[in-house]
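Pasting query.cif here (mmCIF, C-alpha atoms and all ligand atoms):
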```
data_coords
#
loop_
_atom_site.group_PDB
_atom_site.id
_atom_site.type_symbol
_atom_site.label_atom_id
_atom_site.label_comp_id
_atom_site.auth_asym_id
_atom_site.auth_seq_id
_atom_site.Cartn_x
_atom_site.Cartn_y
_atom_site.Cartn_z
ATOM 1 C CA MET O 1 -17.317 71.725 62.669
ATOM 2 C CA PRO O 2 -17.113 74.290 59.848
ATOM 3 C CA THR O 3 -19.808 73.819 57.247
ATOM 4 C CA CYS O 4 -19.221 72.758 53.646
ATOM 5 C CA LYS O 5 -20.288 76.226 52.562
ATOM 6 C CA GLU O 6 -17.682 77.854 54.790
ATOM 7 C CA PHE O 7 -15.124 75.465 53.358
ATOM 8 C CA LEU O 8 -16.048 76.455 49.792
ATOM 9 C CA ASN O 9 -15.871 80.149 50.671
ATOM 10 C CA GLY O 10 -12.315 79.707 51.893
ATOM 11 C CA LEU O 11 -11.151 77.254 49.261
ATOM 12 C CA GLY O 12 -10.033 79.794 46.628
ATOM 13 C CA ASP O 13 -7.673 81.695 48.898
ATOM 14 C CA TYR O 14 -6.532 78.440 50.463
ATOM 15 C CA LEU O 15 -5.507 77.011 47.091
ATOM 16 C CA ASP O 16 -3.677 80.256 46.326
ATOM 17 C CA HIS O 17 -1.848 80.189 49.659
ATOM 18 C CA ALA O 18 -3.515 83.514 50.306
ATOM 19 C CA ALA O 19 -5.844 82.500 53.134
ATOM 20 C CA ASP O 20 -5.539 84.194 56.489
ATOM 21 C CA PRO O 21 -4.608 81.856 59.377
ATOM 22 C CA SER O 22 -8.174 81.371 60.615
ATOM 23 C CA THR O 23 -9.473 80.517 57.123
ATOM 24 C CA ARG O 24 -6.576 78.150 56.593
ATOM 25 C CA GLU O 25 -7.323 76.432 59.863
ATOM 26 C CA LEU O 26 -11.021 76.214 58.976
ATOM 27 C CA VAL O 27 -10.364 74.689 55.562
ATOM 28 C CA GLU O 28 -7.818 72.200 56.873
ATOM 29 C CA ARG O 29 -10.073 71.135 59.701
ATOM 30 C CA HIS O 30 -13.015 70.676 57.362
ATOM 31 C CA ILE O 31 -10.964 68.636 54.920
ATOM 32 C CA ARG O 32 -10.016 66.290 57.753
ATOM 33 C CA GLU O 33 -13.587 65.904 58.917
ATOM 34 C CA CYS O 34 -15.667 65.902 55.740
ATOM 35 C CA PRO O 35 -14.866 63.178 53.191
ATOM 36 C CA ASN O 36 -16.797 64.920 50.403
ATOM 37 C CA CYS O 37 -14.946 68.190 50.745
ATOM 38 C CA HIS O 38 -11.698 66.281 51.102
ATOM 39 C CA VAL O 39 -12.365 64.925 47.612
ATOM 40 C CA VAL O 40 -13.470 68.320 46.294
ATOM 41 C CA HIS O 41 -10.246 69.906 47.522
ATOM 42 C CA ASP O 42 -8.158 67.111 46.111
ATOM 43 C CA THR O 43 -9.775 67.050 42.662
ATOM 44 C CA THR O 44 -9.766 70.844 42.402
ATOM 45 C CA LYS O 45 -6.036 70.821 43.056
ATOM 46 C CA ASN O 46 -5.649 68.124 40.403
ATOM 47 C CA THR O 47 -7.690 70.185 37.961
ATOM 48 C CA ILE O 48 -5.399 73.172 38.348
ATOM 49 C CA ARG O 49 -2.340 70.933 38.091
ATOM 50 C CA VAL O 50 -3.320 69.300 34.791
ATOM 51 C CA TYR O 51 -4.182 72.617 33.146
ATOM 52 C CA ARG O 52 -1.074 74.316 34.423
ATOM 53 C CA GLY O 53 1.152 71.437 33.414
ATOM 54 C CA GLU O 54 -0.196 71.015 29.921
ATOM 55 C CA GLN O 55 2.338 71.920 27.282
ATOM 56 C CA ALA O 56 0.926 74.183 24.591
ATOM 57 C CA GLN O 57 0.685 72.528 21.215
ATOM 58 C CA GLU O 58 3.068 73.664 18.457
ATOM 59 C CA ILE O 59 1.293 76.118 16.207
ATOM 60 C CA ALA O 60 0.962 75.124 12.548
ATOM 61 C CA PRO O 61 4.078 75.916 10.463
ATOM 62 C CA GLN O 62 2.148 78.224 8.152
ATOM 63 C CA VAL O 63 0.794 80.161 11.134
ATOM 64 C CA ALA O 64 4.306 80.500 12.542
ATOM 65 C CA SER O 65 5.750 81.671 9.247
ATOM 66 C CA GLY O 66 2.838 84.073 8.720
ATOM 67 C CA LEU O 67 3.618 85.600 12.084
ATOM 68 C CA LEU O 68 7.333 85.962 11.341
ATOM 69 C CA ASP O 69 6.568 87.507 7.944
ATOM 70 C CA ALA O 70 4.227 90.037 9.488
ATOM 71 C CA VAL O 71 6.797 91.104 12.060
ATOM 72 C CA GLN O 72 9.567 91.276 9.459
ATOM 73 C CA ARG O 73 7.391 93.453 7.217
ATOM 74 C CA ARG O 74 6.770 95.733 10.172
ATOM 75 C CA ALA O 75 10.491 95.898 10.898
ATOM 76 C CA ALA O 76 11.253 96.755 7.271
ATOM 77 C CA MET O 77 8.668 99.530 7.348
ATOM 78 C CA ARG O 78 10.312 100.928 10.408
ATOM 79 C CA ARG O 79 13.746 100.968 8.778
ATOM 80 C CA LYS O 80 12.435 102.787 5.702
ATOM 81 C CA PRO O 81 9.656 105.047 6.938
ATOM 82 C CA CYS O 82 9.754 107.167 3.726
ATOM 83 C CA ASP O 83 8.625 104.233 1.585
ATOM 84 C CA GLN O 84 5.185 104.119 3.145
ATOM 85 C CA MET D 85 17.706 74.099 27.431
ATOM 86 C CA SER D 86 19.637 75.323 24.419
ATOM 87 C CA PRO D 87 21.951 78.337 24.816
ATOM 88 C CA VAL D 88 19.430 80.459 22.930
ATOM 89 C CA ASP D 89 16.674 79.596 25.401
ATOM 90 C CA ALA D 90 18.936 80.482 28.259
ATOM 91 C CA VAL D 91 19.213 84.124 27.192
ATOM 92 C CA ASP D 92 16.987 85.930 29.613
ATOM 93 C CA GLU D 93 13.870 87.700 28.575
ATOM 94 C CA LEU D 94 14.941 91.191 29.522
ATOM 95 C CA THR D 95 18.178 90.955 27.542
ATOM 96 C CA LEU D 96 16.197 89.886 24.483
ATOM 97 C CA VAL D 97 13.776 92.770 24.950
ATOM 98 C CA GLU D 98 16.681 95.227 25.275
ATOM 99 C CA GLN D 99 18.317 93.881 22.129
ATOM 100 C CA ALA D 100 15.029 93.971 20.212
ATOM 101 C CA ARG D 101 14.507 97.540 21.305
ATOM 102 C CA GLU D 102 17.877 98.430 19.852
ATOM 103 C CA GLY D 103 16.740 97.036 16.531
ATOM 104 C CA ASP D 104 17.976 93.468 16.698
ATOM 105 C CA GLY D 105 15.278 91.590 14.789
ATOM 106 C CA GLY D 106 16.700 88.214 15.725
ATOM 107 C CA SER D 107 16.053 88.854 19.410
ATOM 108 C CA PHE D 108 12.419 89.615 18.830
ATOM 109 C CA GLU D 109 12.125 86.474 16.718
ATOM 110 C CA THR D 110 13.541 84.498 19.617
ATOM 111 C CA LEU D 111 10.827 85.954 21.841
ATOM 112 C CA ILE D 112 8.224 85.016 19.253
ATOM 113 C CA ARG D 113 9.420 81.442 19.031
ATOM 114 C CA ARG D 114 9.577 81.167 22.789
ATOM 115 C CA TYR D 115 6.006 82.297 23.400
ATOM 116 C CA GLN D 116 3.986 81.811 20.224
ATOM 117 C CA ASN D 117 2.519 78.442 21.224
ATOM 118 C CA ARG D 118 1.296 79.643 24.596
ATOM 119 C CA ILE D 119 -0.026 82.891 23.177
ATOM 120 C CA PHE D 120 -1.909 81.024 20.471
ATOM 121 C CA ARG D 121 -3.423 78.641 23.027
ATOM 122 C CA LEU D 122 -4.548 81.555 25.166
ATOM 123 C CA ALA D 123 -6.090 83.341 22.168
ATOM 124 C CA LYS D 124 -7.791 80.153 21.021
ATOM 125 C CA ARG D 125 -9.248 79.405 24.424
ATOM 126 C CA ILE D 126 -10.745 82.884 24.689
ATOM 127 C CA THR D 127 -12.010 83.261 21.128
ATOM 128 C CA GLN D 128 -12.761 79.559 20.512
ATOM 129 C CA ASN D 129 -12.008 80.101 16.869
ATOM 130 C CA ASP D 130 -8.842 79.210 14.907
ATOM 131 C CA GLU D 131 -9.013 82.085 12.505
ATOM 132 C CA ASP D 132 -9.558 84.636 15.259
ATOM 133 C CA ALA D 133 -6.789 83.096 17.319
ATOM 134 C CA GLU D 134 -4.363 83.413 14.392
ATOM 135 C CA ASP D 135 -5.304 87.071 13.984
ATOM 136 C CA VAL D 136 -4.937 87.702 17.682
ATOM 137 C CA LEU D 137 -1.547 85.995 17.699
ATOM 138 C CA GLN D 138 -0.274 88.201 14.923
ATOM 139 C CA GLU D 139 -1.833 91.420 16.173
ATOM 140 C CA SER D 140 -0.525 90.856 19.677
ATOM 141 C CA PHE D 141 3.082 90.333 18.634
ATOM 142 C CA LEU D 142 2.888 93.281 16.240
ATOM 143 C CA LYS D 143 1.500 95.479 18.975
ATOM 144 C CA ALA D 144 4.211 94.324 21.355
ATOM 145 C CA TYR D 145 6.822 95.050 18.677
ATOM 146 C CA ASP D 146 5.416 98.514 18.025
ATOM 147 C CA HIS D 147 5.274 99.377 21.691
ATOM 148 C CA LEU D 148 8.507 97.853 22.924
ATOM 149 C CA ASP D 149 9.635 101.318 23.959
ATOM 150 C CA SER D 150 6.709 101.705 26.299
ATOM 151 C CA PHE D 151 7.307 98.325 27.928
ATOM 152 C CA GLN D 152 8.368 98.991 31.504
ATOM 153 C CA GLY D 153 10.856 96.512 32.830
ATOM 154 C CA ASN D 154 8.934 96.303 36.090
ATOM 155 C CA SER D 155 6.710 93.494 34.885
ATOM 156 C CA LYS D 156 7.781 90.457 32.950
ATOM 157 C CA PHE D 157 7.692 90.804 29.184
ATOM 158 C CA TYR D 158 5.584 87.676 28.966
ATOM 159 C CA THR D 159 3.009 89.056 31.403
ATOM 160 C CA TRP D 160 2.863 92.227 29.357
ATOM 161 C CA LEU D 161 2.382 90.183 26.191
ATOM 162 C CA VAL D 162 -0.396 88.173 27.841
ATOM 163 C CA ARG D 163 -2.215 91.396 28.727
ATOM 164 C CA ILE D 164 -2.018 92.599 25.148
ATOM 165 C CA THR D 165 -3.258 89.229 23.931
ATOM 166 C CA VAL D 166 -6.230 89.135 26.280
ATOM 167 C CA ASN D 167 -7.337 92.576 25.180
ATOM 168 C CA GLU D 168 -7.055 91.638 21.514
ATOM 169 C CA ALA D 169 -8.847 88.343 22.062
ATOM 170 C CA LEU D 170 -11.723 89.916 23.984
ATOM 171 C CA MET D 171 -12.147 92.502 21.253
ATOM 172 C CA LYS D 172 -12.387 89.716 18.677
ATOM 173 C CA LEU D 173 -14.857 87.832 20.788
ATOM 174 C CA ARG D 174 -17.070 90.870 21.168
ATOM 175 C CA LYS D 175 -16.891 91.637 17.457
ATOM 176 C CA ARG D 176 -17.827 88.125 16.453
ATOM 177 C CA ARG D 177 -20.632 87.965 18.899
ATOM 178 C CA THR D 178 -22.192 91.362 18.189
ATOM 179 C CA GLY D 179 -25.860 91.203 18.918
ATOM 180 C CA LYS D 180 -25.356 88.600 21.573
ATOM 181 C CA GLU D 181 -24.444 89.733 24.988
ATOM 182 C CA VAL D 182 -20.790 89.055 25.719
ATOM 183 C CA SER D 183 -20.011 91.241 28.617
ATOM 184 C CA LEU D 184 -17.615 89.653 31.046
ATOM 185 C CA ASP D 185 -20.425 89.903 33.555
ATOM 186 C CA GLU D 186 -22.526 87.503 31.537
ATOM 187 C CA GLY D 187 -24.716 85.369 33.747
ATOM 188 C CA LEU D 188 -22.506 85.827 36.735
ATOM 189 C CA ASP D 189 -23.762 87.667 39.705
ATOM 190 C CA THR D 190 -27.026 85.839 39.868
ATOM 191 C CA GLY D 191 -26.218 84.316 43.210
ATOM 192 C CA GLU D 192 -26.300 80.864 41.697
ATOM 193 C CA GLU D 193 -24.698 78.280 43.916
ATOM 194 C CA VAL D 194 -21.398 76.747 42.995
ATOM 195 C CA VAL D 195 -21.818 73.119 42.109
ATOM 196 C CA THR D 196 -19.999 70.202 43.671
ATOM 197 C CA ARG D 197 -22.167 67.303 42.691
ATOM 198 C CA GLU D 198 -19.520 65.001 41.313
ATOM 199 C CA ILE D 199 -17.784 63.617 44.374
ATOM 200 C CA ALA D 200 -15.346 60.922 43.312
ATOM 201 C CA VAL D 201 -11.616 60.390 43.446
ATOM 202 C CA TRP D 202 -9.696 60.323 40.189
ATOM 203 C CA ASP D 203 -8.445 57.098 38.718
ATOM 204 C CA GLY D 204 -4.756 57.911 39.010
ATOM 205 C CA ASP D 205 -3.074 60.894 37.366
ATOM 206 C CA PRO D 206 -4.522 61.694 33.939
ATOM 207 C CA GLU D 207 -1.013 62.764 32.869
ATOM 208 C CA GLN D 208 -0.049 59.094 33.190
ATOM 209 C CA THR D 209 -3.288 57.541 31.974
ATOM 210 C CA TYR D 210 -3.706 59.533 28.769
ATOM 211 C CA SER D 211 -1.407 60.448 25.939
ATOM 212 C CA GLN D 212 -0.496 64.120 25.691
ATOM 213 C CA GLU D 213 -2.742 64.354 22.635
ATOM 214 C CA GLU D 214 -5.770 62.760 24.329
ATOM 215 C CA LEU D 215 -5.362 64.805 27.471
ATOM 216 C CA ARG D 216 -5.056 68.016 25.487
ATOM 217 C CA GLY D 217 -8.298 67.163 23.683
ATOM 218 C CA ILE D 218 -10.103 66.595 26.967
ATOM 219 C CA LEU D 219 -8.755 69.810 28.511
ATOM 220 C CA ASP D 220 -9.680 71.837 25.422
ATOM 221 C CA ARG D 221 -13.195 70.452 25.180
ATOM 222 C CA THR D 222 -13.781 70.945 28.892
ATOM 223 C CA ILE D 223 -12.648 74.551 29.130
ATOM 224 C CA ASP D 224 -14.605 75.344 25.967
ATOM 225 C CA THR D 225 -17.830 74.664 27.860
ATOM 226 C CA LEU D 226 -17.167 77.547 30.270
ATOM 227 C CA LYS D 227 -18.512 81.030 29.708
ATOM 228 C CA PRO D 228 -15.962 83.608 28.498
ATOM 229 C CA ALA D 229 -15.689 85.313 31.877
ATOM 230 C CA PHE D 230 -14.839 82.042 33.596
ATOM 231 C CA ARG D 231 -12.434 80.576 31.080
ATOM 232 C CA THR D 232 -10.568 83.866 30.714
ATOM 233 C CA VAL D 233 -10.064 84.323 34.441
ATOM 234 C CA PHE D 234 -8.966 80.699 34.800
ATOM 235 C CA MET D 235 -6.450 80.971 31.958
ATOM 236 C CA LEU D 236 -4.949 84.171 33.331
ATOM 237 C CA ARG D 237 -4.701 83.088 36.949
ATOM 238 C CA ASP D 238 -4.082 79.357 36.845
ATOM 239 C CA VAL D 239 -2.393 78.812 33.495
ATOM 240 C CA GLU D 240 -0.600 82.063 32.673
ATOM 241 C CA ASP D 241 0.144 82.790 36.307
ATOM 242 C CA LEU D 242 -0.963 86.413 36.465
ATOM 243 C CA SER D 243 -1.622 87.679 39.975
ATOM 244 C CA THR D 244 -5.147 88.406 41.174
ATOM 245 C CA GLU D 245 -4.343 92.120 40.937
ATOM 246 C CA GLU D 246 -2.978 91.852 37.397
ATOM 247 C CA THR D 247 -6.004 89.824 36.317
ATOM 248 C CA ALA D 248 -8.371 92.352 37.872
ATOM 249 C CA GLU D 249 -6.617 95.167 36.050
ATOM 250 C CA VAL D 250 -6.575 93.475 32.642
ATOM 251 C CA LEU D 251 -10.247 92.524 32.845
ATOM 252 C CA GLY D 252 -11.464 95.678 34.549
ATOM 253 C CA LEU D 253 -12.853 93.682 37.457
ATOM 254 C CA SER D 254 -12.647 94.089 41.209
ATOM 255 C CA ILE D 255 -10.432 91.725 43.155
ATOM 256 C CA PRO D 256 -13.392 89.974 44.849
ATOM 257 C CA ALA D 257 -14.967 89.495 41.409
ATOM 258 C CA VAL D 258 -11.784 87.871 40.085
ATOM 259 C CA LYS D 259 -11.627 85.590 43.101
ATOM 260 C CA SER D 260 -15.231 84.510 42.890
ATOM 261 C CA ARG D 261 -15.035 83.887 39.143
ATOM 262 C CA LEU D 262 -11.835 81.937 39.533
ATOM 263 C CA LEU D 263 -13.324 79.690 42.186
ATOM 264 C CA ARG D 264 -16.403 79.033 40.092
ATOM 265 C CA ALA D 265 -14.277 78.329 37.043
ATOM 266 C CA ARG D 266 -12.111 75.908 38.989
ATOM 267 C CA LEU D 267 -15.134 74.123 40.427
ATOM 268 C CA GLN D 268 -16.873 73.867 37.071
ATOM 269 C CA LEU D 269 -13.753 72.409 35.488
ATOM 270 C CA ARG D 270 -13.307 70.096 38.447
ATOM 271 C CA GLU D 271 -16.874 68.904 38.105
ATOM 272 C CA LYS D 272 -16.469 68.098 34.417
ATOM 273 C CA LEU D 273 -13.007 66.604 34.634
ATOM 274 C CA THR D 274 -14.082 64.403 37.521
ATOM 275 C CA ARG D 275 -16.878 62.985 35.396
ATOM 276 C CA GLN D 276 -14.174 62.077 32.906
ATOM 277 C CA PHE D 277 -11.403 60.910 35.211
ATOM 278 C CA LYS D 278 -13.189 59.290 38.129
ATOM 279 C CA ARG D 279 -12.505 55.773 39.186
ATOM 280 C CA LYS D 280 -15.286 53.836 37.535
ATOM 281 C CA GLY D 281 -17.941 52.195 39.634
ATOM 282 C CA GLU D 282 -16.834 53.857 42.829
ATOM 283 C CA ASP D 283 -17.614 56.988 44.666
ATOM 284 C CA VAL D 284 -16.456 58.517 47.852
ATOM 285 C CA PHE D 285 -18.919 56.554 49.927
ATOM 286 C CA ALA D 286 -16.939 53.437 49.219
ATOM 287 C CA TYR D 287 -14.258 54.912 51.461
ATOM 288 C CA LEU D 288 -16.433 55.707 54.411
HETATM 289 ZN ZN ZN Q 301 -17.846 69.377 53.593
#
```

Please re-express this file's structure in structure tokens.
Ligand SMILES: [Zn+2]
Amino acid sequence: MPTCKEFLNGLGDYLDHAADPSTRELVERHIRECPNCHVVHDTTKNTIRVYRGEQAQEIAPQVASGLLDAVQRRAAMRRKPCDQ
Amino acid sequence: MSPVDAVDELTLVEQAREGDGGSFETLIRRYQNRIFRLAKRITQNDEDAEDVLQESFLKAYDHLDSFQGNSKFYTWLVRITVNEALMKLRKRRTGKEVSLDEGLDTGEEVVTREIAVWDGDPEQTYSQEELRGILDRTIDTLKPAFRTVFMLRDVEDLSTEETAEVLGLSIPAVKSRLLRARLQLREKLTRQFKRKGEDVFAYL
């Protein structure tokens, strides 16, 4: 049976669907046989899922308008380069 | 999706390049929240994140002509943002060591102490607000090198190669940092989300 350490070494590529066939086989076999690593795999996948799925918060209105102003000023400068 | 959202990125970039300010503003509105979150998670400071947000979009605007259509505009914008954010971080932390290599290659073992299943999906258990607070606080505890790699790979969806290039790291270094980041976050989130009073041994 593959060791927990071997499982951990392969886990990154496995989660990224980038593992070669023998690593994939090793990880999948270990997950079936070792309850701890089964949980580690599962909760790591969950961790990635919640971060990836989180919607970014709306930025504050004054931050948004500050950003638009800055870009518009830059655009105006570009239209009238002689005024600088 | 509103008709405005449906306009594809490349068309907007083309129009902005030709001087259509409205198109660039559409790009800003589309991405400003994500870009701010990324900047905030790297710098861990509101004021710095606001600066980074502004500087990144201005830089993108100034260099639209040099944007090659072979990557996505958003990926390009993320790269600009990461560079700006890391510069801020280094500036603020002068005196302290903030290299992206900080405390990394010490051969320390990755930790998987917290072995417990989660009590359902946190997306269902918590409000969006609560969950966001937990995710923010948790990722804030990671060192810059870890939280940056995690954000780029797992949240902003850059490839391993793109991440390596932006951060000036080798591909194995990106992979090892990403795994450690994921496991550290897993460890901390599990402490938060685990089914109370049970651990994996209950299932044996
Ligand atoms: Zn194991």

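Distance criterion 7 Å to chain O, applied with all atoms listed in the file, yields Asn117, Arg118, Arg121, Glu134, Gln138, Leu142, Ile199, Ala200, Val201, Asp238, Val239, Lys259, Leu263, Arg266, Leu267, Leu269, Arg270 and Val284 of chain D on chain D.
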
Sel. within 10 Å of pt (-16.4, 75.4, 57.3), counting all atoms listed in the file, output as a ChimeraX atom specification
/O:1-11,23,25-31,34,37

Skipping near chain neighbours, those fewer than 5 positions away, what residues fall within 10 Å of Thr95 of chain D using only C-alpha atoms, listed as a CSV table (one decimal) with C-alpha atoms, in the coordinates of the input?
```
chain,number,residue,atom,x,y,z
D,100,ALA,CA,15.0,94.0,20.2
D,101,ARG,CA,14.5,97.5,21.3
D,107,SER,CA,16.1,88.9,19.4
```

Neighbour list for segment 271-274 of chain D as a PyMOL selection string, cut-off 7 Å, all atoms listed in the file, skip fewer than 2 positions in-chain
chain D and resi 196+198+200+202+222+267-269+276-278

List the spatial neighbours of segment 260-262 of chain D as a VMD selection string - criterion: any atom at most 7 Å away, all atoms listed in the file, same-chain residues fewer than 4 positions off excluded.
chain D and resid 230 233 to 234 256 266

Name every residue that the PyMOL selection byres (((chain D and resi 166) around 12) and not hetatm) selects in this structure, writing the answer as a ChimeraX atom specification with chains first and numbers rising.
/D:119-127,133,136-137,139-140,159-165,167-173,228-229,231-233,235-236,240,242,246-247,249-252

Residue nearest ligand ZN 301 (chain Q) - candidates O:Ala18, O:Met77, O:Pro61, O:Glu33, atoms counted: all atoms listed in the file:
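Result for the nearest residue to ligand ZN 301 (chain Q): O:Glu33.
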
Distance atom CA of Phe157 of chain D-atom CA of Val97 of chain D, one decimal place?
7.7 Å

What's the separation between atom CA of Leu96 of chain D and atom CA of Phe108 of chain D, in Å to one decimal place?
6.8 Å

May I ask for the distance between atom CA of Val258 of chain D and atom CA of Thr244 of chain D, given in Å to one decimal place?
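A separation of 6.7 Å between them.
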